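data.tsv, holding TSV, C-alpha atoms:
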```tsv
chain	number	residue	atom	x	y	z
Y	1	MET	CA	-21.03	-52.82	72.53
Y	2	ALA	CA	-22.99	-52.08	69.36
Y	3	SER	CA	-26.64	-51.07	69.44
Y	4	ASN	CA	-29.24	-53.06	67.52
Y	5	ASN	CA	-29.45	-50.58	64.66
Y	6	GLU	CA	-25.68	-50.81	64.11
Y	7	LEU	CA	-25.65	-54.62	63.69
Y	8	GLY	CA	-25.04	-55.72	60.16
Y	9	ARG	CA	-23.60	-52.36	59.05
Y	10	SER	CA	-20.15	-52.02	57.60
Y	11	ILE	CA	-17.45	-49.89	59.20
Y	12	ARG	CA	-17.71	-47.52	56.25
Y	13	GLU	CA	-21.46	-47.06	56.80
Y	14	LEU	CA	-20.94	-46.45	60.52
Y	15	LYS	CA	-18.18	-43.93	59.81
Y	16	THR	CA	-20.40	-42.07	57.33
Y	17	LEU	CA	-23.30	-42.10	59.79
Y	18	GLY	CA	-21.03	-40.78	62.58
Y	19	GLU	CA	-19.73	-37.96	60.37
Y	20	TRP	CA	-23.28	-37.03	59.40
Y	21	LYS	CA	-24.40	-37.00	63.06
Y	22	SER	CA	-21.46	-34.83	64.09
Y	23	LYS	CA	-22.29	-32.27	61.38
Y	24	THR	CA	-26.03	-32.17	62.01
Y	25	THR	CA	-26.18	-32.46	65.79
Y	26	VAL	CA	-26.04	-29.10	67.51
Y	27	GLN	CA	-23.96	-29.13	70.66
Y	28	GLU	CA	-25.34	-26.82	73.33
Y	29	LYS	CA	-22.69	-24.32	74.32
Y	30	LYS	CA	-21.92	-24.18	78.01
Y	31	PRO	CA	-21.15	-20.82	79.63
Y	32	ILE	CA	-17.62	-20.43	80.98
Y	33	GLY	CA	-17.79	-17.21	82.98
Y	34	ILE	CA	-19.51	-13.89	83.44
Y	35	LYS	CA	-18.82	-11.22	80.81
Y	36	THR	CA	-17.80	-7.79	82.01
Y	37	PRO	CA	-18.99	-5.10	82.17
Y	38	LEU	CA	-22.10	-6.72	83.59
Y	39	GLU	CA	-25.14	-6.83	81.34
Y	40	LYS	CA	-28.45	-8.63	81.61
Y	41	GLY	CA	-28.29	-12.08	80.03
Y	42	SER	CA	-30.62	-12.88	77.16
Y	43	LEU	CA	-29.19	-15.91	75.33
Y	44	LYS	CA	-29.94	-19.56	75.98
Y	45	GLY	CA	-27.55	-20.86	78.60
Y	46	GLU	CA	-27.10	-17.47	80.24
Y	47	THR	CA	-28.46	-16.76	83.65
Y	48	LEU	CA	-28.95	-13.31	85.11
Y	49	PHE	CA	-25.81	-11.94	83.37
Y	50	LYS	CA	-24.29	-12.22	79.89
Y	51	MET	CA	-21.77	-15.05	79.80
Y	52	HIS	CA	-18.67	-16.01	77.82
Y	53	PHE	CA	-18.96	-19.23	75.84
Y	54	ASN	CA	-15.39	-19.16	74.45
Y	55	ILE	CA	-12.35	-19.74	76.68
Y	56	VAL	CA	-10.17	-17.21	74.80
Y	57	ASP	CA	-12.79	-14.48	75.27
Y	58	GLN	CA	-12.94	-15.30	78.99
Y	59	ILE	CA	-9.14	-15.10	79.31
Y	60	LYS	CA	-9.11	-11.73	77.50
Y	61	ASP	CA	-11.78	-10.46	79.89
Y	62	ASN	CA	-9.81	-11.72	82.91
Y	63	LEU	CA	-6.62	-10.07	81.62
Y	64	LYS	CA	-8.40	-6.77	81.03
Y	65	ASN	CA	-9.92	-6.83	84.52
Y	66	LEU	CA	-6.59	-7.72	86.14
Y	67	ILE	CA	-4.75	-4.85	84.44
Y	68	MET	CA	-7.46	-2.22	84.96
Y	69	THR	CA	-7.94	-3.05	88.67
Y	70	GLN	CA	-5.99	-0.63	90.86
Y	71	LYS	CA	-3.77	-2.17	93.54
Y	72	GLY	CA	-5.62	-2.18	96.84
Y	73	GLU	CA	-9.02	-2.00	95.14
Y	74	ARG	CA	-9.86	-5.68	95.55
Y	75	LEU	CA	-10.74	-6.62	99.10
Y	76	GLY	CA	-8.43	-9.28	100.55
Y	77	PHE	CA	-5.90	-9.01	97.70
Y	78	PRO	CA	-3.91	-5.80	98.26
Y	79	ASP	CA	-1.38	-6.60	95.51
Y	80	TYR	CA	-3.97	-7.68	92.91
Y	81	GLY	CA	-4.01	-5.31	89.94
Y	82	THR	CA	-1.66	-2.59	88.75
Y	83	SER	CA	-0.65	0.98	89.56
Y	84	LEU	CA	-1.11	2.21	85.99
Y	85	ARG	CA	-2.96	5.38	86.98
Y	86	THR	CA	-0.08	6.38	89.23
Y	87	ILE	CA	2.48	5.54	86.55
Y	88	TYR	CA	0.65	7.46	83.81
Y	89	SER	CA	0.06	10.43	86.15
Y	90	ASN	CA	3.78	10.92	86.83
Y	91	THR	CA	4.60	14.13	84.95
Y	92	SER	CA	8.36	13.90	85.62
Y	93	LEU	CA	8.79	10.86	83.34
Y	94	THR	CA	9.12	10.73	79.56
Y	95	GLU	CA	6.61	8.77	77.51
Y	96	ASP	CA	9.22	6.01	76.97
Y	97	GLN	CA	9.90	5.77	80.71
Y	98	ILE	CA	6.18	5.59	81.43
Y	99	ALA	CA	5.75	2.83	78.85
Y	100	GLY	CA	8.69	0.89	80.35
Y	101	LEU	CA	7.33	1.11	83.90
Y	102	ALA	CA	3.82	0.19	82.77
Y	103	SER	CA	5.15	-2.77	80.79
Y	104	GLU	CA	7.09	-4.10	83.79
Y	105	GLU	CA	4.11	-3.62	86.10
Y	106	ILE	CA	1.87	-5.57	83.72
Y	107	LYS	CA	4.46	-8.38	83.29
Y	108	LEU	CA	4.78	-8.83	87.06
Y	109	VAL	CA	1.04	-8.97	87.73
Y	110	VAL	CA	0.31	-11.26	84.75
Y	111	ASN	CA	3.09	-13.67	85.77
Y	112	LYS	CA	1.62	-13.86	89.26
Y	113	TYR	CA	-2.13	-14.03	88.58
Y	114	LEU	CA	-2.43	-15.33	84.98
Y	115	PRO	CA	0.66	-17.51	84.43
Y	116	ASN	CA	-1.06	-19.32	81.55
Y	117	ILE	CA	-0.61	-16.19	79.38
Y	118	THR	CA	2.62	-15.32	77.57
Y	119	LEU	CA	2.93	-11.60	76.87
Y	120	SER	CA	4.54	-10.87	73.51
Y	121	GLU	CA	4.22	-7.11	72.84
Y	122	PHE	CA	3.23	-3.94	74.65
Y	123	TYR	CA	2.44	-0.56	73.09
Y	124	SER	CA	1.52	2.62	74.88
Y	125	SER	CA	0.86	6.04	73.41
Y	126	GLU	CA	-0.97	9.23	74.26
Y	127	VAL	CA	-4.22	9.69	72.38
Y	128	ASP	CA	-5.35	13.07	71.12
Y	129	LYS	CA	-8.85	13.26	72.59
Y	130	ASN	CA	-9.91	15.91	70.06
Y	131	ASN	CA	-9.34	13.49	67.17
Y	132	PHE	CA	-10.65	10.49	69.04
Y	133	SER	CA	-14.40	10.33	69.51
Y	134	ARG	CA	-14.23	7.88	72.42
Y	135	GLY	CA	-11.83	10.22	74.24
Y	136	LYS	CA	-14.38	12.82	75.26
Y	137	ASP	CA	-16.84	10.18	76.42
Y	138	PHE	CA	-14.07	8.47	78.38
Y	139	ILE	CA	-13.03	11.69	80.15
Y	140	ASP	CA	-16.65	12.61	80.89
Y	141	LYS	CA	-17.18	9.26	82.63
Y	142	GLN	CA	-14.03	9.45	84.78
Y	143	GLY	CA	-15.61	10.97	87.85
Y	144	SER	CA	-15.39	14.70	87.22
Y	145	VAL	CA	-18.11	15.45	89.78
Y	146	LEU	CA	-17.31	15.84	93.46
Y	147	VAL	CA	-20.23	15.52	95.87
Y	148	THR	CA	-19.51	17.68	98.92
Y	149	ASP	CA	-22.70	16.93	100.85
Y	150	SER	CA	-26.17	15.65	100.11
Y	151	SER	CA	-27.43	18.99	98.79
Y	152	SER	CA	-24.64	20.23	96.51
Y	153	SER	CA	-22.02	19.05	94.07
Y	154	SER	CA	-19.20	20.74	92.25
Y	155	THR	CA	-16.86	19.96	89.39
Y	156	LYS	CA	-13.36	18.83	90.30
Y	157	ASN	CA	-10.25	18.66	88.16
Y	158	LYS	CA	-11.80	21.09	85.69
Y	159	LEU	CA	-8.50	22.92	85.18
Y	160	ASN	CA	-6.23	19.88	85.58
Y	161	PRO	CA	-4.32	19.43	82.28
Y	162	SER	CA	-3.56	15.80	83.16
Y	163	LEU	CA	-7.26	15.00	83.09
Y	164	SER	CA	-7.34	15.44	79.34
Y	165	LYS	CA	-4.52	12.94	78.75
Y	166	ILE	CA	-5.69	9.55	77.60
Y	167	TYR	CA	-3.31	6.70	76.91
Y	168	LYS	CA	-4.00	3.78	74.63
Y	169	ILE	CA	-2.44	0.51	75.74
Y	170	VAL	CA	-2.22	-2.43	73.34
Y	171	ILE	CA	-1.13	-5.78	74.75
Y	172	ASN	CA	-0.45	-8.74	72.48
Y	173	PHE	CA	-0.29	-12.17	74.07
Y	174	ASN	CA	-0.40	-15.92	73.46
Y	175	ILE	CA	-2.07	-18.74	75.35
Y	176	PRO	CA	0.31	-21.70	74.89
Y	177	LEU	CA	-1.95	-24.34	76.49
Y	178	LEU	CA	-4.68	-23.56	73.95
Y	179	ASN	CA	-2.29	-23.07	71.01
Y	180	SER	CA	-3.90	-19.65	70.72
Y	181	GLU	CA	-1.55	-17.08	69.24
Y	182	ASN	CA	-1.76	-13.42	68.27
Y	183	ASN	CA	-4.43	-12.35	70.75
Y	184	SER	CA	-4.64	-8.73	71.81
Y	185	ILE	CA	-6.53	-6.37	74.05
Y	186	ILE	CA	-6.78	-2.58	73.81
Y	187	LEU	CA	-7.23	-0.53	76.96
Y	188	PHE	CA	-7.62	3.19	77.59
Y	189	ILE	CA	-6.52	4.90	80.78
Y	190	ASN	CA	-6.55	8.53	81.83
Y	191	SER	CA	-3.63	10.02	83.68
Y	192	ALA	CA	-5.48	11.87	86.45
Y	193	ILE	CA	-5.42	10.30	89.89
```

What is this file in structure tokens?
Amino acid sequence: MASNNELGRSIRELKTLGEWKSKTTVQEKKPIGIKTPLEKGSLKGETLFKMHFNIVDQIKDNLKNLIMTQKGERLGFPDYGTSLRTIYSNTSLTEDQIAGLASEEIKLVVNKYLPNITLSEFYSSEVDKNNFSRGKDFIDKQGSVLVTDSSSSSTKNKLNPSLSKIYKIVINFNIPLLNSENNSIILFINSAI
């Protein structure tokens, strides 16, 4: 049913008016999910936390969180996540064997918990922390302090050579339902348990 201001207008005029409205009308973006790591929200449409407004960004965040969660870490879901720390800490394996095990682990967990994602490529390599500025910060934040009681603390793993090993993981994937191709995430993991 046409409104009163559309009566007497040609189809061409209505089409032009519709195109103009679609270009000039600002659609308010709706948040899809919470962005991690958690930060205080500040944009319109956000609540207490920063939010994702793009479905591909939300899927990347979900994939990153799935892979970086250690098995047994999530309450009620003992098989949610991966055992990447254990795999990368195994000193009896070659780098190729480690990459193969990690790749299989990631495929299994993604097929189970994010079946809408198609994994296309997986790369894993050791990063030289001395030539990588984020490496030192990463190692420093990986829990190198052991609290023994309420009055004292000591450094743990100070002499552990595995602590200084950082691996860079690159995962390329597609999202067929969204016709979204050539997406990737980059993760860093240290080998110490």

Padded axis-aligned box of region 180-191 of chain Y (6 Å per side), centre and edge lengths, Å, one decimal, as JSON:
```
{"center_x": -4.6, "center_y": -4.8, "center_z": 76.0, "size_x": 18.1, "size_y": 41.7, "size_z": 27.4}
```

Selected residue, from Y:Phe188, Y:Trp20, Y:Phe173, Y:Phe53, that lies nearest to Phe122 (chain Y) when counting all atoms listed in the file: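 Closest residue, counting all atoms listed in the file: Y:Phe173.
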
Selected residue of minimal separation from Met51 (chain Y) among Y:Glu39, Y:Glu126, Y:Glu104, Y:Glu13, counting all atoms listed in the file: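 Using all atoms listed in the file, the shortest distance to Met51 (chain Y) belongs to Y:Glu39.
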
Sel. within 12 Å of pt (-2.5, -21.4, 73.8), counting all atoms listed in the file, output as a list in words: Ile55, Val56, Ile59, Pro115, Asn116, Ile117, Thr118, Leu119, Phe173, Asn174, Ile175, Pro176, Leu177, Leu178, Asn179, Ser180, Glu181, Asn182 and Asn183 of chain Y

With C-alpha atoms retained, could you export that selection as a compact mmCIF listing (two decimals), in the coordinates of the input?
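The new file result31.txt reads:
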```txt
# COMPACT_ATOMS: atom_id res chain seq x y z
CA ILE Y 55 -12.35 -19.74 76.68
CA VAL Y 56 -10.17 -17.21 74.80
CA ILE Y 59 -9.14 -15.10 79.31
CA PRO Y 115 0.66 -17.51 84.43
CA ASN Y 116 -1.06 -19.32 81.55
CA ILE Y 117 -0.61 -16.19 79.38
CA THR Y 118 2.62 -15.32 77.57
CA LEU Y 119 2.93 -11.60 76.87
CA PHE Y 173 -0.29 -12.17 74.07
CA ASN Y 174 -0.40 -15.92 73.46
CA ILE Y 175 -2.07 -18.74 75.35
CA PRO Y 176 0.31 -21.70 74.89
CA LEU Y 177 -1.95 -24.34 76.49
CA LEU Y 178 -4.68 -23.56 73.95
CA ASN Y 179 -2.29 -23.07 71.01
CA SER Y 180 -3.90 -19.65 70.72
CA GLU Y 181 -1.55 -17.08 69.24
CA ASN Y 182 -1.76 -13.42 68.27
CA ASN Y 183 -4.43 -12.35 70.75
```

Atomic distance CA of Ile87 (chain Y) - CA of Ala102 (chain Y), expressed in Å with one decimal: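 CA of Ile87 (chain Y) sits 6.7 Å away from CA of Ala102 (chain Y).
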
Å distance separating CA of Tyr113 (chain Y) from CA of Arg74 (chain Y), one decimal place: 13.3 Å

Nearest-residue call for Ile34 (chain Y), choices Y:Lys21, Y:Tyr123, Y:Leu14, Y:Gln58, using only C-alpha atoms: Y:Gln58

Closest of Y:Ile171, Y:Leu43, Y:Val127, Y:Leu108 to Ser191 (chain Y) - atom-to-atom distances counting all atoms listed in the file: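 Closest candidate: Y:Val127.
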
Two-atom distance - CA of Leu187 (chain Y), CA of Tyr167 (chain Y) (Å):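 Between CA of Leu187 (chain Y) and CA of Tyr167 (chain Y) the gap works out to 8.2 Å.
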
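Residues in contact with region 64-71 of chain Y at 7 Å, where all atoms listed in the file are counted and same-chain residues fewer than 2 positions away are skipped, are listed as Lys60, Asp61, Asn62, Glu73, Pro78, Asp79, Tyr80, Gly81, Thr82, Ser83 and Ile106 of chain Y.
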
Minimum-distance residue to His52 (chain Y), chosen among Y:Gly8, Y:Gly33, Y:Gly72, Y:Gly18 (using only C-alpha atoms): Y:Gly33

Sel. within 12 Å of pt (-23.5, -25.7, 81.6), counting all atoms listed in the file, output as JSON, numbers by chain: {"Y": [27, 28, 29, 30, 31, 32, 33, 44, 45, 46, 47, 51, 52, 53]}
